[in-house]
Amino acid sequence: METTIIKNGRIIDPANNLDTIGDILIVDGVIAKVGVIDDFPSDPVVIDATDKIVCPGFIDLHTHLREPGREDKETIKTGTMAAAAGGYTSICPMGNTSPVCDSAAVVKFIKTRADIDAIVNVYPMGTVTKNLAGEEIVEFGDLYYAGVKGFTDDGNPVMNAEIMRRALEYSTMFGLPILDHCEDKQLSDEGVMHDGLVSTRIGLKGIPPQAESIQVARDVDLAAMTGGHIHIQHVSKKASLCHIRQGKKQGVNITAEATPHHLCLTDEKLADFNTNAKMNPPLGSEEDRQALIEALIDGTIDCIATDHAPHTDIEKDMPITLAPFGTIGLETAFPACYTYLVKTSRLSVSMLIQKMTQAPADIIKIAPRGSLSLGAPADITIIDLNKSQLITKDFFHSKSSNNCFIGETLCGVITTTLVSGKVVFRRDDPKIT
Ligand code: DOR
């Protein structure tokens, strides 16, 4: 019998309405007791969590692992190391790999490779259309039985409404969500950043918010028509929120995520042509950011997801018009949201944790993961809220370092991450203050 005891932490478990000082006993990888524990078996591994937060491990619905195909940017091994360092214990890799994850064979490859290399749980997503071409839907049944947790063409939108309609219809047969990267490609065209004052000032082609909101409105209508579950990925603009809000009010099966970068930063971050702040959808205005925070608080946005998108230095060192879209996010998600949303008193720390644990677990139906319920796998994150860290290029465990928070000092340091009771990450860094 292997026993671990996490002692004297502030245990926050939103799924069980718990916020208390106490201990957690882990026996053979599962949570055996939560509370004040005196009668533990002899010789346990003891982790002292005095003055630290102890919460369920974070769950990311939106990670790009790049394997197979672009192992120069990230692999299942390095991506899951980054996840563990960011306090994530479960992640969902997107299907825009090479080859794309549009067949049972690729799902099986990812799962087999994850069994060997991954240090956190990996729940692959299949694509909606074959080869991400937007023309023909994948064999949903094959991918379902191979083990995907949802379908998304992320990186690309599903532009054809008829295809999206059929995808939503099929998905109901398997009880899985369709996750959509909402972008009207004709409207976004060759745009590089948000269409606003900054794009005008620095002379870059803008992407109007309606490139996102038009597709969101369409998806809400199609979900209402089919009864399918639509999950809107990386919502970034105020104009999209009224459609999600209205759909939810009418009982449409819709959930939504926002990223830490859209919740914390604005298009001002591109004023000096910083390619790490070039992502798709683009960072919006301060008005967009404030609307997103309100939507997160009122439940219009269900959860926080990273859109961790690794790219090499060679690619990101190109001129901003040519550099690829994307920022890595697994290792800065909690510190960024804690610094920008909790330290500024917009969100409580428990609400932030709920949006990163219970909420995503519910969307892909992997509870009791995302909770500290008795009998649940002991996926646990320990955080020191009293420490901060300057984010530099060498901060990351990811194979890439294209991160939009580089240069900022962020509060809230992940100190330890456990997956099924096993310590998969422990931070021991003199640079932390
Ligand atoms: O910024 C982004 N990068 N947005 C996406 O939707 C795709 C991602 C990528 O794959 O690099």
# chains A, B, ... in the order shown; residues from 1 in each chain; ligands from 1

$ residues_around --residues "range 370-377 of chain A" --least-positions-apart "5" --cutoff "12 Å" --atoms "only C-alpha atoms" --output "number ranges by chain"
A: 11-19, 23-35, 54-60, 88-91, 120-121, 353-365, 418-422

$ closest_atom_pairs --of "chain A" --to "ligand 1" --cutoff "6 Å" --atoms "only C-alpha atoms and all ligand atoms" --output "JSON lines"
{"residue": "A:Asp154", "atom": "CA", "partner": "ligand 1", "partner_atom_place_in_ligand_line": "6 (O)", "distance": 5.4}
{"residue": "A:Gly155", "atom": "CA", "partner": "ligand 1", "partner_atom_place_in_ligand_line": "6 (O)", "distance": 3.6}
{"residue": "A:Met279", "atom": "CA", "partner": "ligand 1", "partner_atom_place_in_ligand_line": "1 (O)", "distance": 3.7}
{"residue": "A:Asn280", "atom": "CA", "partner": "ligand 1", "partner_atom_place_in_ligand_line": "1 (O)", "distance": 3.8}
{"residue": "A:Ala309", "atom": "CA", "partner": "ligand 1", "partner_atom_place_in_ligand_line": "11 (O)", "distance": 4.6}
{"residue": "A:Phe325", "atom": "CA", "partner": "ligand 1", "partner_atom_place_in_ligand_line": "1 (O)", "distance": 4.1}
{"residue": "A:Gly326", "atom": "CA", "partner": "ligand 1", "partner_atom_place_in_ligand_line": "1 (O)", "distance": 3.3}

$ write_last_selection --atoms "all heavy atoms" --output "PDB file, in the first residue's frame"
ATOM      1  N   ASP A 154     -10.009  22.818 -34.730  1.00  0.00           N
ATOM      2  CA  ASP A 154      -9.290  23.992 -34.206  1.00  0.00           C
ATOM      3  C   ASP A 154      -8.009  24.315 -34.983  1.00  0.00           C
ATOM      4  O   ASP A 154      -7.263  23.426 -35.383  1.00  0.00           O
ATOM      5  CB  ASP A 154      -8.930  23.832 -32.737  1.00  0.00           C
ATOM      6  CG  ASP A 154      -8.237  25.076 -32.225  1.00  0.00           C
ATOM      7  OD1 ASP A 154      -8.877  26.132 -32.231  1.00  0.00           O
ATOM      8  OD2 ASP A 154      -7.042  25.005 -31.901  1.00  0.00           O
ATOM      9  N   GLY A 155      -7.806  25.611 -35.098  1.00  0.00           N
ATOM     10  CA  GLY A 155      -6.784  26.125 -36.017  1.00  0.00           C
ATOM     11  C   GLY A 155      -7.520  26.596 -37.252  1.00  0.00           C
ATOM     12  O   GLY A 155      -7.198  27.632 -37.827  1.00  0.00           O
ATOM     13  N   MET A 279      -1.874  36.103 -31.940  1.00  0.00           N
ATOM     14  CA  MET A 279      -2.590  34.825 -31.855  1.00  0.00           C
ATOM     15  C   MET A 279      -3.937  34.945 -32.529  1.00  0.00           C
ATOM     16  O   MET A 279      -4.410  36.036 -32.846  1.00  0.00           O
ATOM     17  CB  MET A 279      -2.699  34.309 -30.412  1.00  0.00           C
ATOM     18  CG  MET A 279      -3.397  35.189 -29.431  1.00  0.00           C
ATOM     19  SD  MET A 279      -2.396  36.521 -28.881  1.00  0.00           S
ATOM     20  CE  MET A 279      -1.402  35.897 -27.589  1.00  0.00           C
ATOM     21  N   ASN A 280      -4.553  33.780 -32.734  1.00  0.00           N
ATOM     22  CA  ASN A 280      -5.823  33.733 -33.442  1.00  0.00           C
ATOM     23  C   ASN A 280      -6.851  32.994 -32.595  1.00  0.00           C
ATOM     24  O   ASN A 280      -6.637  31.816 -32.306  1.00  0.00           O
ATOM     25  CB  ASN A 280      -5.624  33.013 -34.793  1.00  0.00           C
ATOM     26  CG  ASN A 280      -6.823  33.163 -35.692  1.00  0.00           C
ATOM     27  OD1 ASN A 280      -7.689  33.993 -35.437  1.00  0.00           O
ATOM     28  ND2 ASN A 280      -6.887  32.357 -36.738  1.00  0.00           N
ATOM     29  N   ALA A 309      -0.036  27.001 -27.795  1.00  0.00           N
ATOM     30  CA  ALA A 309       0.287  26.856 -29.224  1.00  0.00           C
ATOM     31  C   ALA A 309       1.777  27.098 -29.457  1.00  0.00           C
ATOM     32  O   ALA A 309       2.212  28.215 -29.748  1.00  0.00           O
ATOM     33  CB  ALA A 309      -0.549  27.837 -30.048  1.00  0.00           C
ATOM     34  N   PHE A 325       0.417  32.397 -35.853  1.00  0.00           N
ATOM     35  CA  PHE A 325      -0.411  32.770 -34.708  1.00  0.00           C
ATOM     36  C   PHE A 325      -0.153  31.809 -33.549  1.00  0.00           C
ATOM     37  O   PHE A 325      -0.051  30.597 -33.765  1.00  0.00           O
ATOM     38  CB  PHE A 325      -1.895  32.655 -35.078  1.00  0.00           C
ATOM     39  CG  PHE A 325      -2.387  33.693 -36.049  1.00  0.00           C
ATOM     40  CD1 PHE A 325      -2.555  33.397 -37.402  1.00  0.00           C
ATOM     41  CD2 PHE A 325      -2.713  34.969 -35.610  1.00  0.00           C
ATOM     42  CE1 PHE A 325      -3.042  34.344 -38.288  1.00  0.00           C
ATOM     43  CE2 PHE A 325      -3.200  35.928 -36.490  1.00  0.00           C
ATOM     44  CZ  PHE A 325      -3.360  35.615 -37.834  1.00  0.00           C
ATOM     45  N   GLY A 326      -0.108  32.307 -32.331  1.00  0.00           N
ATOM     46  CA  GLY A 326      -0.101  31.405 -31.178  1.00  0.00           C
ATOM     47  C   GLY A 326       0.843  31.815 -30.069  1.00  0.00           C
ATOM     48  O   GLY A 326       1.904  32.404 -30.312  1.00  0.00           O
TER      49      GLY A 326
END

$ residues_around --residues "range 102-113 of chain A" --least-positions-apart "5" --cutoff "10 Å" --atoms "only C-alpha atoms" --output "tab-separated table (two decimals) with N, CA and C atoms, in the first residue's frame"
chain	number	residue	atom	x	y	z
A	65	LEU	N	-0.18	19.86	-28.91
A	65	LEU	CA	1.04	19.11	-28.54
A	65	LEU	C	1.97	18.90	-29.73
A	67	GLU	N	2.64	16.69	-31.75
A	67	GLU	CA	3.07	15.34	-32.13
A	67	GLU	C	1.83	14.53	-32.45
A	68	PRO	N	1.74	13.91	-33.61
A	68	PRO	CA	2.79	13.71	-34.60
A	68	PRO	C	2.98	14.91	-35.56
A	75	THR	N	6.46	18.01	-28.13
A	75	THR	CA	6.13	16.59	-28.22
A	75	THR	C	5.15	16.27	-27.08
A	76	ILE	N	4.64	15.06	-27.13
A	76	ILE	CA	3.74	14.65	-26.05
A	76	ILE	C	4.51	14.67	-24.73
A	77	LYS	N	5.79	14.33	-24.79
A	77	LYS	CA	6.61	14.35	-23.58
A	77	LYS	C	6.81	15.79	-23.06
A	93	PRO	N	-5.20	17.35	-26.32
A	93	PRO	CA	-4.51	17.83	-27.52
A	93	PRO	C	-5.46	18.00	-28.70
A	95	GLY	N	-6.49	18.37	-32.78
A	95	GLY	CA	-6.24	17.44	-33.88
A	95	GLY	C	-5.47	18.02	-35.05
A	96	ASN	N	-5.01	19.30	-34.97
A	96	ASN	CA	-4.33	19.87	-36.14
A	96	ASN	C	-2.85	19.52	-36.17
A	97	THR	N	-2.59	18.20	-36.05
A	97	THR	CA	-1.23	17.69	-36.14
A	97	THR	C	-0.97	17.26	-37.58
A	118	ALA	N	3.84	10.43	-21.62
A	118	ALA	CA	3.12	11.53	-20.95
A	118	ALA	C	3.23	11.41	-19.44
A	121	ASN	N	-2.48	13.14	-17.67
A	121	ASN	CA	-3.49	12.44	-18.47
A	121	ASN	C	-3.71	13.16	-19.80
A	122	VAL	N	-3.79	12.39	-20.87
A	122	VAL	CA	-3.97	12.97	-22.21
A	122	VAL	C	-5.29	12.45	-22.79
A	123	TYR	N	-6.20	13.39	-23.10
A	123	TYR	CA	-7.50	13.05	-23.69
A	123	TYR	C	-7.59	13.67	-25.08
A	124	PRO	N	-7.26	12.90	-26.12
A	124	PRO	CA	-7.20	13.52	-27.46
A	124	PRO	C	-8.56	13.95	-27.98
A	125	MET	N	-8.52	14.98	-28.80
A	125	MET	CA	-9.69	15.43	-29.56
A	125	MET	C	-9.51	14.98	-31.01
A	126	GLY	N	-10.58	14.52	-31.63
A	126	GLY	CA	-10.53	14.23	-33.05
A	126	GLY	C	-10.92	15.48	-33.84
A	127	THR	N	-10.65	15.45	-35.14
A	127	THR	CA	-11.10	16.59	-35.95
A	127	THR	C	-12.56	16.37	-36.35
A	128	VAL	N	-13.18	17.43	-36.84
A	128	VAL	CA	-14.57	17.33	-37.34
A	128	VAL	C	-14.55	16.85	-38.79
A	129	THR	N	-13.57	17.38	-39.57
A	129	THR	CA	-13.55	17.03	-40.99
A	129	THR	C	-12.23	16.36	-41.38
A	130	LYS	N	-12.32	15.54	-42.43
A	130	LYS	CA	-11.15	14.80	-42.88
A	130	LYS	C	-10.06	15.77	-43.34
A	131	ASN	N	-8.86	15.54	-42.85
A	131	ASN	CA	-7.70	16.35	-43.18
A	131	ASN	C	-7.91	17.84	-42.92
A	132	LEU	N	-8.82	18.17	-42.03
A	132	LEU	CA	-9.13	19.56	-41.66
A	132	LEU	C	-9.58	20.37	-42.88
A	137	ILE	N	-17.15	15.05	-43.22
A	137	ILE	CA	-16.94	14.78	-41.80
A	137	ILE	C	-16.25	13.42	-41.58
A	138	VAL	N	-15.55	13.34	-40.45
A	138	VAL	CA	-14.80	12.12	-40.13
A	138	VAL	C	-15.76	11.00	-39.73
A	139	GLU	N	-15.22	9.79	-39.56
A	139	GLU	CA	-16.03	8.66	-39.06
A	139	GLU	C	-16.16	8.82	-37.55
A	140	PHE	N	-17.22	9.51	-37.12
A	140	PHE	CA	-17.37	9.83	-35.71
A	140	PHE	C	-17.30	8.59	-34.82
A	141	GLY	N	-17.97	7.52	-35.26
A	141	GLY	CA	-18.02	6.29	-34.46
A	141	GLY	C	-16.63	5.72	-34.23
A	142	ASP	N	-15.82	5.65	-35.31
A	142	ASP	CA	-14.46	5.10	-35.19
A	142	ASP	C	-13.64	5.89	-34.17
A	143	LEU	N	-13.75	7.23	-34.27
A	143	LEU	CA	-12.95	8.07	-33.36
A	143	LEU	C	-13.47	7.96	-31.93
A	144	TYR	N	-14.79	7.87	-31.81
A	144	TYR	CA	-15.38	7.72	-30.47
A	144	TYR	C	-14.86	6.44	-29.81
A	145	TYR	N	-14.92	5.34	-30.55
A	145	TYR	CA	-14.47	4.07	-29.95
A	145	TYR	C	-12.96	4.04	-29.75
A	146	ALA	N	-12.22	4.86	-30.52
A	146	ALA	CA	-10.77	4.95	-30.28
A	146	ALA	C	-10.47	5.79	-29.04
A	147	GLY	N	-11.46	6.56	-28.59
A	147	GLY	CA	-11.28	7.23	-27.28
A	147	GLY	C	-11.21	8.75	-27.28
A	148	VAL	N	-11.67	9.43	-28.38
A	148	VAL	CA	-11.62	10.90	-28.32
A	148	VAL	C	-12.69	11.43	-27.37
A	151	PHE	N	-14.80	16.65	-30.79
A	151	PHE	CA	-14.35	16.85	-32.17
A	151	PHE	C	-14.15	18.34	-32.41
A	152	THR	N	-13.01	18.69	-33.03
A	152	THR	CA	-12.77	20.09	-33.36
A	152	THR	C	-11.78	20.20	-34.53
A	153	ASP	N	-12.04	21.17	-35.40
A	153	ASP	CA	-11.08	21.48	-36.47
A	153	ASP	C	-10.14	22.61	-36.04

$ residues_around --residues "Met159 in chain A" --least-positions-apart "5" --cutoff "8 Å" --atoms "only C-alpha atoms" --output "list of chain:residue names"
A:Gly134, A:Met164, A:Glu183, A:Asp184, A:Lys185

$ write_last_selection --atoms "N, CA, C and O atoms" --output "PDB file, in the first residue's frame"
ATOM      1  N   GLY A 134     -12.547  20.734 -44.136  1.00  0.00           N
ATOM      2  CA  GLY A 134     -13.856  21.384 -44.019  1.00  0.00           C
ATOM      3  C   GLY A 134     -14.892  20.853 -44.986  1.00  0.00           C
ATOM      4  O   GLY A 134     -15.962  21.450 -45.148  1.00  0.00           O
ATOM      5  N   MET A 164     -21.348  21.620 -40.365  1.00  0.00           N
ATOM      6  CA  MET A 164     -21.474  21.807 -38.910  1.00  0.00           C
ATOM      7  C   MET A 164     -22.800  21.230 -38.414  1.00  0.00           C
ATOM      8  O   MET A 164     -22.862  20.605 -37.359  1.00  0.00           O
ATOM      9  N   GLU A 183     -14.413  31.443 -36.741  1.00  0.00           N
ATOM     10  CA  GLU A 183     -13.726  32.467 -37.545  1.00  0.00           C
ATOM     11  C   GLU A 183     -14.297  32.453 -38.950  1.00  0.00           C
ATOM     12  O   GLU A 183     -14.222  31.422 -39.634  1.00  0.00           O
ATOM     13  N   ASP A 184     -14.842  33.570 -39.380  1.00  0.00           N
ATOM     14  CA  ASP A 184     -15.271  33.689 -40.761  1.00  0.00           C
ATOM     15  C   ASP A 184     -14.037  34.080 -41.573  1.00  0.00           C
ATOM     16  O   ASP A 184     -13.531  35.201 -41.468  1.00  0.00           O
ATOM     17  N   LYS A 185     -13.545  33.129 -42.352  1.00  0.00           N
ATOM     18  CA  LYS A 185     -12.260  33.306 -43.045  1.00  0.00           C
ATOM     19  C   LYS A 185     -12.288  34.449 -44.055  1.00  0.00           C
ATOM     20  O   LYS A 185     -11.254  35.076 -44.304  1.00  0.00           O
TER      21      LYS A 185
END

$ select_by_dssp --residues "range 34-277 of chain A" --states "strand (DSSP E)" --output "VMD selection string"
chain A and resid 34 to 35 45 to 48 53 to 56 58 to 63 88 to 93 121 to 122 151 to 152 178 to 180 193 to 194 206 to 207 230 to 232 254 to 258

$ residues_around --residues "Arg201 in chain A" --least-positions-apart "2" --cutoff "12 Å" --atoms "only C-alpha atoms" --output "PDB file with all heavy atoms, in the first residue's frame"
ATOM      1  N   HIS A 194      -6.270  42.402 -34.059  1.00  0.00           N
ATOM      2  CA  HIS A 194      -7.598  42.986 -33.862  1.00  0.00           C
ATOM      3  C   HIS A 194      -7.720  44.306 -34.631  1.00  0.00           C
ATOM      4  O   HIS A 194      -6.801  45.126 -34.626  1.00  0.00           O
ATOM      5  CB  HIS A 194      -7.790  43.228 -32.357  1.00  0.00           C
ATOM      6  CG  HIS A 194      -9.034  43.952 -32.002  1.00  0.00           C
ATOM      7  ND1 HIS A 194     -10.291  43.481 -32.305  1.00  0.00           N
ATOM      8  CD2 HIS A 194      -9.224  45.129 -31.342  1.00  0.00           C
ATOM      9  CE1 HIS A 194     -11.203  44.325 -31.847  1.00  0.00           C
ATOM     10  NE2 HIS A 194     -10.575  45.324 -31.263  1.00  0.00           N
ATOM     11  N   ASP A 195      -8.858  44.477 -35.286  1.00  0.00           N
ATOM     12  CA  ASP A 195      -9.125  45.696 -36.050  1.00  0.00           C
ATOM     13  C   ASP A 195      -9.547  46.791 -35.077  1.00  0.00           C
ATOM     14  O   ASP A 195     -10.675  46.804 -34.592  1.00  0.00           O
ATOM     15  CB  ASP A 195     -10.276  45.381 -37.036  1.00  0.00           C
ATOM     16  CG  ASP A 195     -10.444  46.456 -38.072  1.00  0.00           C
ATOM     17  OD1 ASP A 195      -9.546  47.304 -38.204  1.00  0.00           O
ATOM     18  OD2 ASP A 195     -11.478  46.441 -38.752  1.00  0.00           O
ATOM     19  N   GLY A 196      -8.641  47.691 -34.741  1.00  0.00           N
ATOM     20  CA  GLY A 196      -8.967  48.729 -33.757  1.00  0.00           C
ATOM     21  C   GLY A 196      -7.956  49.857 -33.823  1.00  0.00           C
ATOM     22  O   GLY A 196      -7.231  50.004 -34.811  1.00  0.00           O
ATOM     23  N   LEU A 197      -7.893  50.611 -32.739  1.00  0.00           N
ATOM     24  CA  LEU A 197      -7.012  51.787 -32.723  1.00  0.00           C
ATOM     25  C   LEU A 197      -5.549  51.408 -32.900  1.00  0.00           C
ATOM     26  O   LEU A 197      -4.815  52.069 -33.628  1.00  0.00           O
ATOM     27  CB  LEU A 197      -7.170  52.521 -31.383  1.00  0.00           C
ATOM     28  CG  LEU A 197      -8.458  53.334 -31.230  1.00  0.00           C
ATOM     29  CD1 LEU A 197      -8.514  53.982 -29.851  1.00  0.00           C
ATOM     30  CD2 LEU A 197      -8.521  54.414 -32.325  1.00  0.00           C
ATOM     31  N   VAL A 198      -5.136  50.305 -32.247  1.00  0.00           N
ATOM     32  CA  VAL A 198      -3.708  49.936 -32.322  1.00  0.00           C
ATOM     33  C   VAL A 198      -3.347  49.505 -33.744  1.00  0.00           C
ATOM     34  O   VAL A 198      -2.311  49.914 -34.282  1.00  0.00           O
ATOM     35  CB  VAL A 198      -3.353  48.835 -31.299  1.00  0.00           C
ATOM     36  CG1 VAL A 198      -1.864  48.527 -31.324  1.00  0.00           C
ATOM     37  CG2 VAL A 198      -3.780  49.236 -29.892  1.00  0.00           C
ATOM     38  N   SER A 199      -4.212  48.716 -34.378  1.00  0.00           N
ATOM     39  CA  SER A 199      -3.893  48.259 -35.746  1.00  0.00           C
ATOM     40  C   SER A 199      -3.812  49.462 -36.689  1.00  0.00           C
ATOM     41  O   SER A 199      -2.957  49.514 -37.583  1.00  0.00           O
ATOM     42  CB  SER A 199      -4.925  47.244 -36.244  1.00  0.00           C
ATOM     43  OG  SER A 199      -6.193  47.835 -36.397  1.00  0.00           O
ATOM     44  N   GLY A 203      -0.368  50.321 -38.381  1.00  0.00           N
ATOM     45  CA  GLY A 203      -0.458  50.013 -39.806  1.00  0.00           C
ATOM     46  C   GLY A 203      -0.509  48.541 -40.144  1.00  0.00           C
ATOM     47  O   GLY A 203       0.015  48.110 -41.175  1.00  0.00           O
ATOM     48  N   LEU A 204      -1.128  47.737 -39.283  1.00  0.00           N
ATOM     49  CA  LEU A 204      -1.286  46.310 -39.599  1.00  0.00           C
ATOM     50  C   LEU A 204      -2.744  46.028 -39.944  1.00  0.00           C
ATOM     51  O   LEU A 204      -3.656  46.648 -39.399  1.00  0.00           O
ATOM     52  CB  LEU A 204      -0.857  45.440 -38.415  1.00  0.00           C
ATOM     53  CG  LEU A 204       0.646  45.398 -38.115  1.00  0.00           C
ATOM     54  CD1 LEU A 204       0.918  44.553 -36.874  1.00  0.00           C
ATOM     55  CD2 LEU A 204       1.446  44.854 -39.305  1.00  0.00           C
ATOM     56  N   LYS A 205      -2.948  45.066 -40.833  1.00  0.00           N
ATOM     57  CA  LYS A 205      -4.311  44.747 -41.252  1.00  0.00           C
ATOM     58  C   LYS A 205      -5.085  44.114 -40.097  1.00  0.00           C
ATOM     59  O   LYS A 205      -4.610  43.178 -39.450  1.00  0.00           O
ATOM     60  CB  LYS A 205      -4.270  43.807 -42.454  1.00  0.00           C
ATOM     61  CG  LYS A 205      -5.646  43.554 -43.057  1.00  0.00           C
ATOM     62  CD  LYS A 205      -5.528  42.869 -44.406  1.00  0.00           C
ATOM     63  CE  LYS A 205      -6.799  42.165 -44.840  1.00  0.00           C
ATOM     64  NZ  LYS A 205      -8.045  42.858 -44.677  1.00  0.00           N
ATOM     65  N   GLY A 206      -6.286  44.625 -39.859  1.00  0.00           N
ATOM     66  CA  GLY A 206      -7.073  44.171 -38.713  1.00  0.00           C
ATOM     67  C   GLY A 206      -8.070  43.065 -39.049  1.00  0.00           C
ATOM     68  O   GLY A 206      -8.466  42.883 -40.205  1.00  0.00           O
ATOM     69  N   ASP A 267      -4.857  44.318 -27.282  1.00  0.00           N
ATOM     70  CA  ASP A 267      -4.087  44.530 -28.514  1.00  0.00           C
ATOM     71  C   ASP A 267      -2.915  45.492 -28.323  1.00  0.00           C
ATOM     72  O   ASP A 267      -2.010  45.538 -29.156  1.00  0.00           O
ATOM     73  CB  ASP A 267      -5.005  44.972 -29.671  1.00  0.00           C
ATOM     74  CG  ASP A 267      -5.828  46.206 -29.346  1.00  0.00           C
ATOM     75  OD1 ASP A 267      -5.834  46.647 -28.178  1.00  0.00           O
ATOM     76  OD2 ASP A 267      -6.485  46.731 -30.264  1.00  0.00           O
ATOM     77  N   GLU A 268      -2.903  46.236 -27.206  1.00  0.00           N
ATOM     78  CA  GLU A 268      -1.745  47.118 -26.926  1.00  0.00           C
ATOM     79  C   GLU A 268      -0.449  46.307 -26.867  1.00  0.00           C
ATOM     80  O   GLU A 268       0.631  46.834 -27.090  1.00  0.00           O
ATOM     81  CB  GLU A 268      -1.934  47.863 -25.598  1.00  0.00           C
ATOM     82  CG  GLU A 268      -2.897  49.036 -25.657  1.00  0.00           C
ATOM     83  CD  GLU A 268      -2.389  50.212 -26.504  1.00  0.00           C
ATOM     84  OE1 GLU A 268      -1.190  50.249 -26.839  1.00  0.00           O
ATOM     85  OE2 GLU A 268      -3.221  51.068 -26.852  1.00  0.00           O
ATOM     86  N   LEU A 270       0.626  44.358 -28.860  1.00  0.00           N
ATOM     87  CA  LEU A 270       1.267  44.237 -30.178  1.00  0.00           C
ATOM     88  C   LEU A 270       1.873  45.555 -30.648  1.00  0.00           C
ATOM     89  O   LEU A 270       2.420  45.624 -31.746  1.00  0.00           O
ATOM     90  CB  LEU A 270       0.254  43.751 -31.224  1.00  0.00           C
ATOM     91  CG  LEU A 270      -0.060  42.263 -31.141  1.00  0.00           C
ATOM     92  CD1 LEU A 270      -1.469  42.057 -30.646  1.00  0.00           C
ATOM     93  CD2 LEU A 270       0.145  41.589 -32.475  1.00  0.00           C
ATOM     94  N   ALA A 271       1.757  46.593 -29.810  1.00  0.00           N
ATOM     95  CA  ALA A 271       2.174  47.931 -30.249  1.00  0.00           C
ATOM     96  C   ALA A 271       3.638  47.962 -30.676  1.00  0.00           C
ATOM     97  O   ALA A 271       4.018  48.746 -31.542  1.00  0.00           O
ATOM     98  CB  ALA A 271       1.923  48.936 -29.135  1.00  0.00           C
ATOM     99  N   ASP A 272       4.466  47.089 -30.068  1.00  0.00           N
ATOM    100  CA  ASP A 272       5.880  47.052 -30.479  1.00  0.00           C
ATOM    101  C   ASP A 272       6.158  45.821 -31.370  1.00  0.00           C
ATOM    102  O   ASP A 272       7.276  45.322 -31.407  1.00  0.00           O
ATOM    103  CB  ASP A 272       6.811  47.077 -29.256  1.00  0.00           C
ATOM    104  CG  ASP A 272       6.578  45.867 -28.352  1.00  0.00           C
ATOM    105  OD1 ASP A 272       5.636  45.079 -28.623  1.00  0.00           O
ATOM    106  OD2 ASP A 272       7.331  45.691 -27.377  1.00  0.00           O
ATOM    107  N   PHE A 273       5.118  45.382 -32.060  1.00  0.00           N
ATOM    108  CA  PHE A 273       5.247  44.282 -33.042  1.00  0.00           C
ATOM    109  C   PHE A 273       5.748  42.980 -32.397  1.00  0.00           C
ATOM    110  O   PHE A 273       6.536  42.238 -32.987  1.00  0.00           O
ATOM    111  CB  PHE A 273       6.162  44.695 -34.211  1.00  0.00           C
ATOM    112  CG  PHE A 273       5.672  45.917 -34.934  1.00  0.00           C
ATOM    113  CD1 PHE A 273       6.115  47.185 -34.576  1.00  0.00           C
ATOM    114  CD2 PHE A 273       4.747  45.805 -35.956  1.00  0.00           C
ATOM    115  CE1 PHE A 273       5.649  48.315 -35.226  1.00  0.00           C
ATOM    116  CE2 PHE A 273       4.273  46.938 -36.615  1.00  0.00           C
ATOM    117  CZ  PHE A 273       4.720  48.200 -36.247  1.00  0.00           C
TER     118      PHE A 273
END

$ closest_residue --among "A:Leu390, A:Ile5, A:Ile297, A:Ile244" --to "Ser348 in chain A" --atoms "only C-alpha atoms"
A:Ile297

$ atom_distance --atom1 "CA of His231 in chain A" --atom2 "CA of Met173 in chain A"
16.4 Å

$ select_by_dssp --residues "range 179-418 of chain A" --states "alpha helix (DSSP H)" --output "PyMOL selection string"
chain A and resi 185-188+197-202+210-226+238-249+260-264+286-298+313-316+333-337+349-356+358-363

$ closest_residue --among "A:Lys73, A:Arg369, A:His64, A:His234" --to "Cys101 in chain A" --atoms "only C-alpha atoms"
A:His64

$ closest_residue --among "A:Lys249, A:His261, A:His243, A:His308" --to "Tyr340 in chain A" --atoms "only C-alpha atoms"
A:His261

$ closest_atom_pairs --of "range 309-419 of chain A" --to "range 81-87 of chain A" --cutoff "10 Å" --atoms "only C-alpha atoms" --output "JSON lines"
{"residue": "A:Ile328", "atom": "CA", "partner": "A:Ala82", "partner_atom": "CA", "distance": 9.5}
{"residue": "A:Gly329", "atom": "CA", "partner": "A:Gly86", "partner_atom": "CA", "distance": 8.6}
{"residue": "A:Leu330", "atom": "CA", "partner": "A:Gly86", "partner_atom": "CA", "distance": 5.4}
{"residue": "A:Glu331", "atom": "CA", "partner": "A:Gly86", "partner_atom": "CA", "distance": 3.9}
{"residue": "A:Thr332", "atom": "CA", "partner": "A:Gly86", "partner_atom": "CA", "distance": 6.6}
{"residue": "A:Ala333", "atom": "CA", "partner": "A:Gly86", "partner_atom": "CA", "distance": 7.1}
{"residue": "A:Phe334", "atom": "CA", "partner": "A:Gly86", "partner_atom": "CA", "distance": 7.2}
{"residue": "A:Pro335", "atom": "CA", "partner": "A:Gly86", "partner_atom": "CA", "distance": 8.7}
{"residue": "A:Asp379", "atom": "CA", "partner": "A:Gly87", "partner_atom": "CA", "distance": 9.6}
{"residue": "A:Ile380", "atom": "CA", "partner": "A:Gly87", "partner_atom": "CA", "distance": 8.0}
{"residue": "A:Thr381", "atom": "CA", "partner": "A:Gly87", "partner_atom": "CA", "distance": 5.4}
{"residue": "A:Ile382", "atom": "CA", "partner": "A:Gly87", "partner_atom": "CA", "distance": 7.7}
{"residue": "A:Ile383", "atom": "CA", "partner": "A:Gly87", "partner_atom": "CA", "distance": 8.3}
{"residue": "A:Phe396", "atom": "CA", "partner": "A:Ala82", "partner_atom": "CA", "distance": 6.9}
{"residue": "A:His397", "atom": "CA", "partner": "A:Ala82", "partner_atom": "CA", "distance": 4.8}
{"residue": "A:Ser398", "atom": "CA", "partner": "A:Ala82", "partner_atom": "CA", "distance": 4.9}
{"residue": "A:Lys399", "atom": "CA", "partner": "A:Ala82", "partner_atom": "CA", "distance": 8.5}
{"residue": "A:Ser400", "atom": "CA", "partner": "A:Ala82", "partner_atom": "CA", "distance": 9.9}
{"residue": "A:Val413", "atom": "CA", "partner": "A:Gly86", "partner_atom": "CA", "distance": 8.7}
{"residue": "A:Ile414", "atom": "CA", "partner": "A:Gly87", "partner_atom": "CA", "distance": 6.0}
{"residue": "A:Thr415", "atom": "CA", "partner": "A:Ala85", "partner_atom": "CA", "distance": 8.1}
{"residue": "A:Thr416", "atom": "CA", "partner": "A:Gly87", "partner_atom": "CA", "distance": 7.4}
{"residue": "A:Thr417", "atom": "CA", "partner": "A:Gly87", "partner_atom": "CA", "distance": 5.6}
{"residue": "A:Leu418", "atom": "CA", "partner": "A:Ala84", "partner_atom": "CA", "distance": 8.2}
{"residue": "A:Val419", "atom": "CA", "partner": "A:Ala84", "partner_atom": "CA", "distance": 8.7}
